[in-house]
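Student: Structure file work_7.cif, mmCIF, C-alpha atoms and all ligand atoms, is pasted below:
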data_final
loop_
_atom_site.label_atom_id
_atom_site.label_comp_id
_atom_site.auth_asym_id
_atom_site.auth_seq_id
_atom_site.Cartn_x
_atom_site.Cartn_y
_atom_site.Cartn_z
CA MET E 1029 -0.30 -39.00 -24.02
CA ARG E 1030 2.25 -36.41 -23.09
CA ASN E 1031 2.65 -33.32 -25.18
CA PRO E 1032 6.11 -32.01 -26.13
CA SER E 1033 6.29 -29.47 -23.30
CA GLU E 1034 5.58 -32.21 -20.77
CA GLU E 1035 8.32 -34.33 -22.32
CA GLU E 1036 10.62 -31.37 -22.06
CA SER E 1037 9.71 -30.93 -18.42
CA ILE E 1038 10.52 -34.55 -17.61
CA LEU E 1039 13.82 -34.25 -19.37
CA ARG E 1040 14.63 -31.07 -17.52
CA GLN E 1041 13.74 -32.59 -14.18
CA LEU E 1042 15.77 -35.68 -15.00
CA ASP E 1043 18.65 -33.50 -15.98
CA GLY E 1044 18.35 -31.72 -12.65
CA ALA E 1045 18.22 -35.02 -10.75
CA ILE E 1046 21.25 -36.33 -12.58
CA ARG E 1047 23.28 -33.20 -12.00
CA GLN E 1048 22.18 -33.22 -8.40
CA SER E 1049 23.31 -36.80 -7.89
CA ARG E 1050 26.64 -35.98 -9.53
CA ALA E 1051 27.09 -32.99 -7.29
CA ALA E 1052 26.43 -35.21 -4.29
CA LYS E 1053 28.98 -37.71 -5.70
CA LEU E 1054 26.51 -40.56 -5.41
CA PRO E 1055 27.46 -43.87 -6.99
CA ALA E 1056 25.54 -44.69 -10.18
CA ALA E 1057 23.03 -47.11 -8.68
CA PRO E 1058 20.93 -44.69 -6.56
CA LEU E 1059 20.13 -42.77 -9.73
CA LEU E 1060 17.51 -45.29 -10.78
CA PRO E 1061 15.17 -44.66 -7.85
CA ILE E 1062 15.57 -40.91 -8.47
CA ILE E 1063 14.64 -41.34 -12.12
CA ILE E 1064 11.65 -43.47 -11.23
CA ALA E 1065 10.59 -40.98 -8.58
CA VAL E 1066 10.86 -38.08 -11.01
CA PHE E 1067 8.80 -39.93 -13.62
CA THR E 1068 6.22 -40.95 -11.05
CA VAL E 1069 5.90 -37.40 -9.76
CA ALA E 1070 5.72 -36.04 -13.29
CA LEU E 1071 3.12 -38.56 -14.44
CA ALA E 1072 1.00 -38.10 -11.33
CA VAL E 1073 0.89 -34.38 -11.93
CA PHE E 1074 0.02 -34.79 -15.61
CA GLN E 1075 -3.10 -36.65 -14.59
CA GLU E 1076 -4.19 -33.85 -12.31
CA PRO E 1077 -7.41 -32.00 -13.06
CA ALA E 1078 -7.55 -30.19 -16.36
CA ASP E 1079 -8.52 -27.00 -14.55
CA VAL E 1080 -5.06 -25.44 -14.57
CA PRO E 1081 -5.77 -22.36 -16.68
CA PRO E 1082 -2.91 -21.71 -19.10
CA TRP E 1083 -3.20 -17.90 -18.84
CA ALA E 1084 -1.66 -18.04 -15.35
CA PHE E 1085 1.57 -19.43 -16.81
CA PRO E 1086 2.69 -17.06 -19.58
CA GLY E 1087 5.57 -18.30 -21.68
CA SER E 1088 8.70 -16.72 -23.02
CA PRO E 1089 8.70 -16.81 -26.82
CA LYS E 1090 12.09 -16.28 -28.39
CA ASP E 1091 11.23 -12.87 -29.81
CA SER E 1092 10.79 -11.25 -26.42
CA GLY E 1093 14.14 -9.43 -26.30
CA VAL E 1094 13.50 -5.77 -26.94
CA VAL E 1095 16.77 -4.10 -26.08
CA ASP E 1096 20.12 -4.13 -27.82
CA SER E 1097 22.30 -6.36 -25.65
CA THR E 1098 25.43 -4.19 -25.86
CA ARG E 1099 23.93 -0.76 -25.20
CA LEU E 1100 24.39 0.75 -21.73
CA ASN E 1101 20.95 1.24 -20.23
CA ARG E 1102 19.55 3.30 -17.41
CA VAL E 1103 16.41 3.05 -15.31
CA PRO E 1104 14.67 5.85 -13.38
CA ASN E 1105 16.26 7.10 -10.15
CA SER E 1106 19.50 5.24 -10.60
CA ARG E 1107 22.96 6.37 -11.61
CA ALA E 1108 23.97 2.83 -12.56
CA ARG E 1109 24.31 1.66 -16.15
CA PHE E 1110 24.14 -1.92 -17.33
CA THR E 1111 23.95 -3.66 -20.67
CA LEU E 1112 21.18 -6.20 -21.18
CA ARG E 1113 23.84 -8.90 -21.09
CA GLN E 1114 24.86 -7.75 -17.60
CA ALA E 1115 21.23 -7.44 -16.56
CA ILE E 1116 20.58 -11.11 -17.30
CA ASP E 1117 23.74 -12.43 -15.63
CA ARG E 1118 22.45 -15.21 -13.39
CA PHE E 1119 25.48 -14.96 -11.13
CA ALA E 1120 25.75 -11.17 -10.87
CA PRO E 1121 22.37 -9.60 -11.52
CA PRO E 1122 22.23 -5.80 -11.60
CA GLU E 1123 22.03 -3.69 -8.49
CA TRP E 1124 20.18 -0.61 -9.71
CA HIS E 1125 19.40 0.88 -6.31
CA PRO E 1126 22.10 -0.23 -3.86
CA SER E 1127 20.92 2.25 -1.23
CA GLY E 1128 17.47 0.65 -1.26
CA HIS E 1129 18.56 -2.48 0.61
CA PRO E 1130 21.33 -3.70 2.95
CA PRO E 1131 24.42 -5.43 1.50
CA MET E 1132 23.42 -8.79 0.06
CA PRO E 1133 24.93 -12.06 1.30
CA ASP E 1134 26.88 -13.91 -1.38
CA VAL E 1135 24.16 -16.46 -2.14
CA VAL E 1136 21.68 -13.65 -2.81
CA ALA E 1137 24.05 -11.51 -4.90
CA HIS E 1138 25.96 -14.25 -6.75
CA GLY E 1139 24.81 -17.77 -6.01
CA ARG E 1140 27.24 -20.43 -7.20
CA LYS E 1141 27.94 -21.85 -10.66
CA GLN E 1142 26.44 -23.93 -12.28
CA ASP E 1143 23.02 -24.52 -10.74
CA LEU E 1144 22.65 -22.10 -7.85
CA PHE E 1145 21.53 -18.91 -9.56
CA ALA E 1146 21.70 -15.78 -7.39
CA CYS E 1147 18.43 -15.36 -5.50
CA ALA E 1148 18.46 -11.69 -6.59
CA TYR E 1149 18.40 -12.76 -10.25
CA CYS E 1150 14.71 -13.62 -9.80
CA HIS E 1151 13.63 -12.20 -6.43
CA LEU E 1152 15.62 -8.97 -7.03
CA PRO E 1153 18.03 -7.31 -4.59
CA ASN E 1154 15.24 -5.62 -2.61
CA GLY E 1155 13.23 -8.87 -2.43
CA ALA E 1156 10.32 -7.40 -4.42
CA GLY E 1157 10.38 -10.35 -6.80
CA ARG E 1158 8.45 -10.26 -10.06
CA PRO E 1159 5.02 -11.55 -11.05
CA GLU E 1160 6.46 -14.81 -12.44
CA ASN E 1161 8.01 -15.55 -9.06
CA VAL E 1162 7.21 -13.94 -5.70
CA ALA E 1163 8.20 -11.15 -3.33
CA LEU E 1164 10.29 -12.51 -0.47
CA ALA E 1165 10.80 -9.27 1.47
CA GLY E 1166 9.37 -9.51 4.96
CA LEU E 1167 8.39 -13.19 4.85
CA PRO E 1168 9.04 -14.96 8.18
CA GLU E 1169 12.55 -16.44 8.29
CA GLY E 1170 11.27 -19.87 9.41
CA TYR E 1171 8.72 -19.90 6.59
CA ILE E 1172 11.41 -19.24 3.95
CA ILE E 1173 13.61 -22.04 5.35
CA ALA E 1174 10.66 -24.45 5.41
CA GLN E 1175 9.67 -23.64 1.80
CA LEU E 1176 13.20 -24.31 0.55
CA ALA E 1177 13.06 -27.72 2.22
CA ASP E 1178 9.65 -28.36 0.63
CA PHE E 1179 10.92 -27.45 -2.86
CA ARG E 1180 13.91 -29.69 -2.29
CA SER E 1181 11.77 -32.69 -1.33
CA SER E 1182 9.38 -31.92 -4.24
CA ALA E 1183 6.44 -31.85 -1.83
CA ARG E 1184 6.05 -28.32 -3.21
CA ARG E 1185 5.91 -28.18 -6.98
CA ASN E 1186 4.50 -25.86 -9.57
CA PRO E 1187 0.92 -26.62 -10.62
CA LEU E 1188 2.00 -26.59 -14.28
CA PRO E 1189 4.87 -29.05 -14.67
CA GLY E 1190 7.48 -27.75 -17.06
CA TRP E 1191 6.80 -24.06 -16.46
CA ILE E 1192 10.36 -22.78 -16.45
CA PRO E 1193 10.21 -20.32 -13.50
CA GLY E 1194 8.89 -23.06 -11.20
CA ASN E 1195 11.47 -25.55 -12.43
CA SER E 1196 14.29 -23.07 -11.85
CA MET E 1197 13.29 -22.54 -8.23
CA HIS E 1198 13.33 -26.29 -7.78
CA THR E 1199 16.86 -26.52 -9.22
CA VAL E 1200 17.99 -23.70 -6.91
CA ALA E 1201 16.56 -25.46 -3.86
CA MET E 1202 18.32 -28.70 -4.84
CA SER E 1203 21.62 -26.85 -5.10
CA ALA E 1204 21.51 -24.63 -2.00
CA THR E 1205 23.22 -25.75 1.21
CA GLU E 1206 21.74 -25.23 4.66
CA ALA E 1207 24.10 -22.30 5.17
CA ASP E 1208 23.00 -20.71 1.86
CA VAL E 1209 19.36 -21.02 2.85
CA ALA E 1210 19.97 -19.65 6.34
CA SER E 1211 21.73 -16.52 5.13
CA ALA E 1212 19.24 -15.88 2.31
CA ALA E 1213 16.30 -16.35 4.69
CA ARG E 1214 17.80 -13.94 7.22
CA TYR E 1215 18.41 -11.36 4.49
CA PHE E 1216 14.98 -11.49 2.84
CA SER E 1217 12.97 -11.69 6.06
CA GLY E 1218 14.79 -8.60 7.33
CA LEU E 1219 13.77 -6.49 4.33
CA ARG E 1220 10.86 -4.10 4.56
CA PHE E 1221 8.18 -5.11 2.07
CA THR E 1222 6.59 -2.42 -0.07
CA PRO E 1223 4.08 -3.77 -2.59
CA GLN E 1224 5.04 -3.17 -6.23
CA VAL E 1225 1.80 -4.01 -7.98
CA ARG E 1226 -1.21 -1.91 -8.90
CA VAL E 1227 -4.48 -3.78 -9.36
CA ILE E 1228 -6.87 -2.41 -11.99
CA GLU E 1229 -10.37 -3.71 -12.64
CA ALA E 1230 -11.26 -3.54 -16.33
CA ALA E 1231 -13.53 -5.39 -18.74
CA ARG E 1232 -11.23 -4.54 -21.65
CA ILE E 1233 -7.46 -4.26 -21.36
CA PRO E 1234 -4.60 -3.25 -23.69
CA ARG E 1235 -3.78 -6.03 -26.16
CA MET E 1236 -1.04 -8.19 -24.64
CA ARG E 1237 1.51 -10.80 -25.62
CA GLU E 1238 3.29 -13.34 -23.47
CA ALA E 1239 6.91 -12.35 -22.94
CA ALA E 1240 9.53 -13.36 -20.38
CA PHE E 1241 6.84 -15.17 -18.31
CA VAL E 1242 4.65 -12.08 -17.89
CA TYR E 1243 2.30 -10.10 -20.13
CA ALA E 1244 3.65 -7.22 -22.22
CA ARG E 1245 1.54 -4.64 -24.02
CA ILE E 1246 1.41 -4.60 -27.80
CA PRO E 1247 1.34 -0.87 -28.49
CA GLY E 1248 -1.08 0.43 -31.10
CA LYS E 1249 -3.05 -2.80 -31.28
CA GLY E 1250 -6.13 -1.67 -29.38
CA THR E 1251 -7.76 -3.64 -26.60
CA GLU E 1252 -8.96 -7.15 -25.83
CA PRO E 1253 -11.56 -8.49 -23.36
CA ILE E 1254 -10.09 -9.59 -20.02
CA GLY E 1255 -12.38 -12.61 -19.70
CA ASN E 1256 -11.84 -14.71 -16.63
CA ARG E 1257 -8.15 -13.92 -16.05
CA ILE E 1258 -5.59 -11.95 -14.13
CA VAL E 1259 -3.32 -10.31 -16.71
CA GLU E 1260 -0.20 -9.07 -14.98
CA GLY E 1261 2.93 -7.48 -16.34
CA PRO E 1262 5.23 -4.49 -16.52
CA PRO E 1263 4.00 -1.15 -17.82
CA ASP E 1264 7.50 -0.85 -19.34
CA PHE E 1265 8.79 -4.14 -20.69
CA GLU E 1266 12.35 -2.91 -21.10
CA ARG E 1267 12.61 -2.17 -17.37
CA HIS E 1268 11.36 -5.70 -16.69
CA GLU E 1269 14.05 -7.19 -18.92
CA LEU E 1270 16.63 -4.97 -17.22
CA ARG E 1271 15.48 -6.25 -13.81
CA ASP E 1272 14.66 -2.87 -12.36
CA ASP E 1273 13.70 -3.61 -8.75
CA ALA E 1274 11.75 -0.35 -8.42
CA MET E 1275 9.17 -1.11 -11.09
CA ILE E 1276 5.49 -1.09 -10.20
CA TYR E 1277 3.73 -3.88 -12.11
CA VAL E 1278 0.13 -3.70 -13.25
CA ALA E 1279 -2.40 -6.48 -12.73
CA TYR E 1280 -5.68 -6.26 -14.63
CA VAL E 1281 -8.55 -8.17 -13.05
CA PRO E 1282 -12.22 -8.58 -14.01
CA PRO E 1283 -14.63 -5.90 -12.72
CA GLY E 1284 -16.03 -6.71 -9.28
CA SER E 1285 -13.09 -8.94 -8.29
CA ILE E 1286 -11.84 -6.81 -5.41
CA LYS E 1287 -15.20 -6.52 -3.67
CA ARG E 1288 -15.90 -10.21 -4.05
CA GLY E 1289 -12.38 -11.03 -2.87
CA ARG E 1290 -12.79 -8.89 0.23
CA SER E 1291 -15.94 -10.78 1.10
CA ILE E 1292 -14.24 -14.18 0.66
CA ALA E 1293 -11.21 -13.08 2.68
CA THR E 1294 -13.11 -11.55 5.56
CA LYS E 1295 -16.36 -13.53 5.74
CA GLY E 1296 -15.64 -16.76 3.89
CA THR E 1297 -18.76 -16.46 1.79
CA ASP E 1298 -20.03 -18.73 -0.99
CA GLY E 1299 -19.93 -21.82 1.18
CA LEU E 1300 -16.29 -21.45 2.17
CA ALA E 1301 -15.65 -22.96 5.54
CA THR E 1302 -13.19 -20.46 6.95
CA ALA E 1303 -12.43 -16.83 6.14
CA CYS E 1304 -8.84 -16.27 5.07
CA ILE E 1305 -8.25 -13.68 7.82
CA THR E 1306 -8.85 -16.36 10.46
CA CYS E 1307 -5.40 -17.77 9.73
CA HIS E 1308 -3.65 -15.08 7.65
CA GLY E 1309 -4.61 -12.32 10.05
CA LYS E 1310 -6.21 -8.93 9.80
CA ASN E 1311 -5.60 -7.37 6.38
CA LEU E 1312 -3.91 -10.66 5.43
CA LEU E 1313 -0.65 -9.52 7.04
CA GLY E 1314 0.27 -13.00 8.23
CA ILE E 1315 0.44 -14.51 11.70
CA GLY E 1316 3.54 -16.38 12.89
CA LEU E 1317 4.49 -18.86 10.16
CA VAL E 1318 1.23 -18.34 8.25
CA PRO E 1319 2.55 -16.12 5.47
CA PRO E 1320 1.37 -12.60 4.65
CA LEU E 1321 -0.62 -12.24 1.41
CA ALA E 1322 -1.10 -8.45 1.44
CA GLY E 1323 0.40 -6.66 -1.55
CA ARG E 1324 1.91 -9.82 -3.15
CA TYR E 1325 1.62 -10.34 -6.93
CA PRO E 1326 -1.89 -11.68 -7.59
CA THR E 1327 -0.85 -14.18 -10.27
CA TYR E 1328 1.60 -15.67 -7.76
CA LEU E 1329 -1.14 -15.97 -5.15
CA PHE E 1330 -3.47 -17.49 -7.75
CA ARG E 1331 -0.87 -20.08 -8.79
CA GLN E 1332 -0.41 -21.08 -5.15
CA LEU E 1333 -4.15 -21.56 -4.64
CA LEU E 1334 -4.10 -23.79 -7.74
CA ALA E 1335 -1.08 -25.62 -6.35
CA PHE E 1336 -2.92 -26.41 -3.11
CA LYS E 1337 -6.00 -27.48 -5.06
CA THR E 1338 -4.23 -29.75 -7.56
CA GLY E 1339 -1.94 -31.27 -4.93
CA ALA E 1340 1.19 -29.75 -6.45
CA ARG E 1341 1.81 -28.10 -3.07
CA SER E 1342 1.10 -31.02 -0.81
CA THR E 1343 3.44 -30.18 2.03
CA ALA E 1344 2.68 -31.06 5.63
CA SER E 1345 2.45 -27.41 6.66
CA SER E 1346 -0.01 -26.56 3.90
CA GLN E 1347 -2.70 -29.00 5.06
CA PRO E 1348 -4.82 -26.20 6.55
CA MET E 1349 -5.15 -24.80 3.00
CA TRP E 1350 -6.57 -27.94 1.38
CA PRO E 1351 -10.16 -27.68 2.67
CA VAL E 1352 -10.04 -23.93 1.98
CA VAL E 1353 -9.38 -24.36 -1.74
CA ALA E 1354 -11.42 -27.53 -2.22
CA ARG E 1355 -14.62 -25.63 -3.00
CA MET E 1356 -13.10 -22.52 -4.56
CA SER E 1357 -13.74 -21.83 -8.24
CA VAL E 1358 -11.26 -20.15 -10.56
CA GLU E 1359 -13.37 -16.98 -10.19
CA ASP E 1360 -13.10 -17.13 -6.39
CA MET E 1361 -9.33 -17.57 -6.62
CA ILE E 1362 -8.99 -14.64 -9.02
CA ALA E 1363 -11.13 -12.46 -6.74
CA VAL E 1364 -9.34 -13.23 -3.48
CA SER E 1365 -5.88 -12.93 -5.11
CA ALA E 1366 -6.88 -9.55 -6.56
CA TYR E 1367 -8.16 -8.32 -3.20
CA ALA E 1368 -5.07 -9.49 -1.28
CA ALA E 1369 -2.82 -7.71 -3.79
CA THR E 1370 -4.54 -4.38 -3.08
CA LEU E 1371 -3.73 -4.46 0.64
CA VAL E 1372 -0.82 -2.49 1.99
CA PRO E 1373 1.26 -4.05 4.74
CA ALA E 1374 1.62 -0.89 6.82
CA CYS E 1375 1.94 -2.27 10.31
CA ARG E 1376 2.64 -5.96 10.57
CA SER E 1377 3.12 -6.86 14.22
CA ARG E 1378 5.73 -9.54 14.72
C1 LIG Y 1401 15.45 -18.65 -11.57
C2 LIG Y 1401 14.58 -17.87 -10.73
C3 LIG Y 1401 14.70 -18.06 -9.21
C4 LIG Y 1401 15.83 -18.01 -8.45
C5 LIG Y 1401 17.27 -17.81 -8.89
C6 LIG Y 1401 15.39 -18.18 -7.09
N1 LIG Y 1401 14.03 -18.32 -7.05
FE1 LIG Y 1401 12.89 -18.56 -5.41
N2 LIG Y 1401 11.23 -18.73 -6.55
C7 LIG Y 1401 11.20 -18.64 -7.92
C8 LIG Y 1401 9.85 -18.92 -8.39
C9 LIG Y 1401 9.39 -18.93 -9.83
C10 LIG Y 1401 9.08 -19.18 -7.23
C11 LIG Y 1401 7.62 -19.58 -7.19
C12 LIG Y 1401 7.55 -21.07 -7.26
C13 LIG Y 1401 6.15 -21.59 -7.20
O1 LIG Y 1401 5.27 -21.01 -7.81
O2 LIG Y 1401 5.93 -22.58 -6.53
C14 LIG Y 1401 9.98 -19.03 -6.11
C15 LIG Y 1401 9.56 -19.19 -4.79
C16 LIG Y 1401 10.39 -19.02 -3.71
C17 LIG Y 1401 9.96 -19.09 -2.33
C18 LIG Y 1401 8.54 -19.31 -1.83
C19 LIG Y 1401 7.96 -18.02 -1.29
C20 LIG Y 1401 6.59 -18.15 -0.70
O3 LIG Y 1401 5.93 -17.12 -0.48
O4 LIG Y 1401 6.14 -19.27 -0.44
C21 LIG Y 1401 11.06 -18.89 -1.55
C22 LIG Y 1401 11.11 -18.87 -0.04
C23 LIG Y 1401 12.19 -18.69 -2.45
N3 LIG Y 1401 11.75 -18.77 -3.75
C24 LIG Y 1401 13.48 -18.47 -2.02
C25 LIG Y 1401 14.58 -18.36 -2.87
C26 LIG Y 1401 15.95 -18.25 -2.42
C27 LIG Y 1401 16.37 -18.19 -0.98
C28 LIG Y 1401 16.73 -18.19 -3.54
C29 LIG Y 1401 18.24 -18.15 -3.63
C30 LIG Y 1401 18.93 -19.21 -2.90
C31 LIG Y 1401 15.84 -18.27 -4.70
N4 LIG Y 1401 14.55 -18.37 -4.24
C32 LIG Y 1401 16.23 -18.22 -6.01
C33 LIG Y 1401 12.26 -18.33 -8.74
C34 LIG Y 1401 13.57 -18.25 -8.34
C1 LIG Y 1402 -7.01 -22.80 8.56
C2 LIG Y 1402 -5.99 -21.81 8.32
C3 LIG Y 1402 -5.96 -21.14 6.95
C4 LIG Y 1402 -7.01 -20.55 6.31
C5 LIG Y 1402 -8.46 -20.43 6.72
C6 LIG Y 1402 -6.45 -19.99 5.08
N1 LIG Y 1402 -5.10 -20.26 5.02
FE1 LIG Y 1402 -3.86 -19.80 3.45
N2 LIG Y 1402 -2.31 -20.73 4.40
C7 LIG Y 1402 -2.38 -21.32 5.64
C8 LIG Y 1402 -1.08 -21.85 5.97
C9 LIG Y 1402 -0.71 -22.58 7.26
C10 LIG Y 1402 -0.22 -21.54 4.88
C11 LIG Y 1402 1.27 -21.85 4.77
C12 LIG Y 1402 1.47 -23.15 4.10
C13 LIG Y 1402 2.91 -23.59 4.13
O1 LIG Y 1402 3.57 -23.40 5.16
O2 LIG Y 1402 3.37 -24.11 3.11
C14 LIG Y 1402 -1.04 -20.84 3.91
C15 LIG Y 1402 -0.56 -20.40 2.68
C16 LIG Y 1402 -1.31 -19.70 1.77
C17 LIG Y 1402 -0.82 -19.19 0.51
C18 LIG Y 1402 0.58 -19.32 -0.03
C19 LIG Y 1402 1.36 -18.06 0.28
C20 LIG Y 1402 2.74 -18.05 -0.24
O3 LIG Y 1402 3.48 -17.11 0.07
O4 LIG Y 1402 3.12 -18.96 -0.97
C21 LIG Y 1402 -1.85 -18.54 -0.09
C22 LIG Y 1402 -1.83 -17.83 -1.43
C23 LIG Y 1402 -2.98 -18.63 0.79
N3 LIG Y 1402 -2.64 -19.35 1.92
C24 LIG Y 1402 -4.21 -18.05 0.53
C25 LIG Y 1402 -5.33 -18.17 1.36
C26 LIG Y 1402 -6.62 -17.64 1.03
C27 LIG Y 1402 -6.93 -16.81 -0.20
C28 LIG Y 1402 -7.47 -18.02 2.02
C29 LIG Y 1402 -8.98 -17.79 2.13
C30 LIG Y 1402 -9.76 -18.16 0.96
C31 LIG Y 1402 -6.69 -18.77 2.99
N4 LIG Y 1402 -5.39 -18.84 2.55
C32 LIG Y 1402 -7.19 -19.33 4.14
C33 LIG Y 1402 -3.48 -21.41 6.46
C34 LIG Y 1402 -4.76 -20.96 6.14
#
What does the file become when written as structure tokens?
Tutor:
Amino acid sequence: MRNPSEEESILRQLDGAIRQSRAAKLPAAPLLPIIIAVFTVALAVFQEPADVPPWAFPGSPKDSGVVDSTRLNRVPNSRARFTLRQAIDRFAPPEWHPSGHPPMPDVVAHGRKQDLFACAYCHLPNGAGRPENVALAGLPEGYIIAQLADFRSSARRNPLPGWIPGNSMHTVAMSATEADVASAARYFSGLRFTPQVRVIEAARIPRMREAAFVYARIPGKGTEPIGNRIVEGPPDFERHELRDDAMIYVAYVPPGSIKRGRSIATKGTDGLATACITCHGKNLLGIGLVPPLAGRYPTYLFRQLLAFKTGARSTASSQPMWPVVARMSVEDMIAVSAYAATLVPACRSR
């Protein structure tokens, strides 16, 4: 039995496939195999293990808008002013700190109507990304190009089908040309990456609600136990909604996570075959096309570990990860994601 959100996901993917085939001016007949393929992929994923913890995929309830959409807003250290409506323009997202990054190529700054949203709309002009997506700054150019191809072929999917951020990236990859991908990859890989997340271990955390695919504090409502989760979000929700690319996010993790994560990353304890640093390098700064993990949003890292484990990311190049995650528990994944997020990429040698 599929639940309504799964139905919605199938419909959305179908919609994407149909629009894609129209864009490619395919005759009607080849649509059928696409539809069957989409259903098969969707159904296969729905039968995946039930151990995809829902907390890692916060939703976006309708009531999440907190700012008046016509007011001109400011963020710290910027002279720019944008309304919320401008800040959520998928084809011209705000540039709050233009001196903080080189000029953006058109695909990054604007994308192309209707389906190719500007990369900066989600990954931000400085490539810092946000916890519901991922920082792209400083990733190897070849790795970015390869991932776009993997999204396009659906060999790389989100571990929770129907989660809107993951679906949107898929639609973008289906709509981007080779030239778009090449210029975006060159731009993002050339950016210097400065982590924008602070990891805090705590048994109790401020009471939170799900909003805009992250966690937002509910002021004056006390605390709640963290349990077995990473709870990541903006300290200032308005700046998140305004897409301030200078914001430092906060990720709460269970006490003891960082120490345990360091041990998993450097020694491969608890029966893990290989320590993460063997392939991802010292301080998890990446080696060649094996991507850096240091300082990246921990919920993103966690979702990727889940994706390898559930088969949602079953790309040829990710095969080395499969035995790594096979014996990892949710606790292990939380711990190693938390540890990686605390590392600072000071001196990556290329
Ligand atoms: C609507 C939001 C959105 C837009 C626009 C968007 N992305 Fe993404 N992107 C995401 C999300 C969400 C993920 C994480 C997907 C996942 O979990 O598998 C992602 C993941 C990626 C990754 C994988 C990074 C890694 O470490 O493996 C790359 C590369 C990427 N995006 C490139 C781009 C490029 C290039 C563009 C513009 C052409 C773009 N994205 C536009 C949301 C977006
Ligand atoms: C045998 C080599 C190897 C080992 C050991 C290894 N990895 Fe990886 N990992 C890779 C490769 C290769 C990729 C890139 C996959 C791709 O190209 O899609 C990757 C990708 C990842 C990603 C996705 C990053 C992104 O930007 O999307 C995460 C997260 C990750 N590894 C975490 C870990 C952790 C945590 C450990 C230790 C518990 C670990 N890896 C151990 C080879 C390895």
Student: Take atom CA of Arg1290 of chain E and atom CA of Glu1359 of chain E and report the distance between them in Å, one decimal.
Tutor: 13.2 Å
Student: Determine, for each residue of chain E having at least one atom at most 6 Å from an atom of ligand LIG 1401 (chain Y), the closest pair of atoms and their separation in Å to one decimal, counting all atoms listed in the file; order by chain and ascending number, as JSON lines.
Tutor:
{"residue": "E:Val1135", "atom": "CA", "partner": "Y:LIG1401", "partner_atom": "C30", "distance": 6.0}
{"residue": "E:Val1136", "atom": "CA", "partner": "Y:LIG1401", "partner_atom": "C29", "distance": 5.7}
{"residue": "E:Phe1145", "atom": "CA", "partner": "Y:LIG1401", "partner_atom": "C5", "distance": 4.5}
{"residue": "E:Ala1146", "atom": "CA", "partner": "Y:LIG1401", "partner_atom": "C5", "distance": 5.1}
{"residue": "E:Cys1147", "atom": "CA", "partner": "Y:LIG1401", "partner_atom": "C29", "distance": 3.4}
{"residue": "E:Tyr1149", "atom": "CA", "partner": "Y:LIG1401", "partner_atom": "C5", "distance": 5.4}
{"residue": "E:Cys1150", "atom": "CA", "partner": "Y:LIG1401", "partner_atom": "C2", "distance": 4.4}
{"residue": "E:Glu1160", "atom": "CA", "partner": "Y:LIG1401", "partner_atom": "C9", "distance": 5.7}
{"residue": "E:Asn1161", "atom": "CA", "partner": "Y:LIG1401", "partner_atom": "C9", "distance": 3.7}
{"residue": "E:Val1162", "atom": "CA", "partner": "Y:LIG1401", "partner_atom": "C10", "distance": 5.8}
{"residue": "E:Ile1172", "atom": "CA", "partner": "Y:LIG1401", "partner_atom": "C22", "distance": 4.0}
{"residue": "E:Gln1175", "atom": "CA", "partner": "Y:LIG1401", "partner_atom": "C22", "distance": 5.3}
{"residue": "E:Leu1176", "atom": "CA", "partner": "Y:LIG1401", "partner_atom": "C22", "distance": 5.9}
{"residue": "E:Arg1185", "atom": "CA", "partner": "Y:LIG1401", "partner_atom": "O2", "distance": 5.6}
{"residue": "E:Asn1186", "atom": "CA", "partner": "Y:LIG1401", "partner_atom": "O2", "distance": 4.7}
{"residue": "E:Pro1193", "atom": "CA", "partner": "Y:LIG1401", "partner_atom": "C9", "distance": 4.0}
{"residue": "E:Gly1194", "atom": "CA", "partner": "Y:LIG1401", "partner_atom": "C9", "distance": 4.4}
{"residue": "E:Ser1196", "atom": "CA", "partner": "Y:LIG1401", "partner_atom": "C1", "distance": 4.6}
{"residue": "E:Met1197", "atom": "CA", "partner": "Y:LIG1401", "partner_atom": "C34", "distance": 4.3}
{"residue": "E:Val1200", "atom": "CA", "partner": "Y:LIG1401", "partner_atom": "C32", "distance": 5.8}
{"residue": "E:Val1209", "atom": "CA", "partner": "Y:LIG1401", "partner_atom": "C27", "distance": 5.6}
{"residue": "E:Ala1212", "atom": "CA", "partner": "Y:LIG1401", "partner_atom": "C27", "distance": 4.9}
{"residue": "E:Ala1213", "atom": "CA", "partner": "Y:LIG1401", "partner_atom": "C27", "distance": 6.0}
Student: Report, as lines of an AutoDock Vina configuration file, the centre and edge lengths in Å (one decimal) of the axis-aligned box enclosing every listed atom of segment 1320-1329 of chain E, padded by 4 Å on each side.
Tutor:
center_x = 0.0
center_y = -11.3
center_z = -2.8
size_x = 11.8
size_y = 17.3
size_z = 22.9
Student: Using only C-alpha atoms and all ligand atoms, find the one residue out of E:Glu1238, E:Asp1143, E:Asp1273, E:Glu1169 that sits nearest to ligand LIG 1402 (chain Y).
Tutor: E:Glu1169
Student: For a quick check of understanding, using all atoms listed in the file, which of E:Arg1237, E:Arg1271, E:Arg1355, E:Lys1249 has the smallest distance to Ser1088 of chain E?
Tutor: E:Arg1237
Student: Return the single residue from E:Glu1229, E:Glu1252, E:Glu1123, E:Asp1178 that is closest to ligand LIG 1402 (chain Y), with distances computed using all atoms listed in the file.
Tutor: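 Smallest distance to ligand LIG 1402 (chain Y) is found for E:Asp1178.
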Student: Mind dumping a table of every segment 1155-1226 of chain E residue within 12 Å of segment 1276-1279 of chain E, with the nearest atom pair and its distance in Å to one decimal, using only C-alpha atoms, sorted by chain and rising number, as a tab-separated table?
Tutor:
residue	atom	partner	partner_atom	distance
E:Ala1156	CA	E:Ile1276	CA	9.8
E:Gly1157	CA	E:Tyr1277	CA	10.7
E:Arg1158	CA	E:Tyr1277	CA	8.2
E:Pro1159	CA	E:Tyr1277	CA	7.8
E:Glu1160	CA	E:Tyr1277	CA	11.3
E:Thr1222	CA	E:Ile1276	CA	10.3
E:Pro1223	CA	E:Ile1276	CA	8.2
E:Gln1224	CA	E:Ile1276	CA	4.5
E:Val1225	CA	E:Tyr1277	CA	4.6
E:Arg1226	CA	E:Val1278	CA	4.9
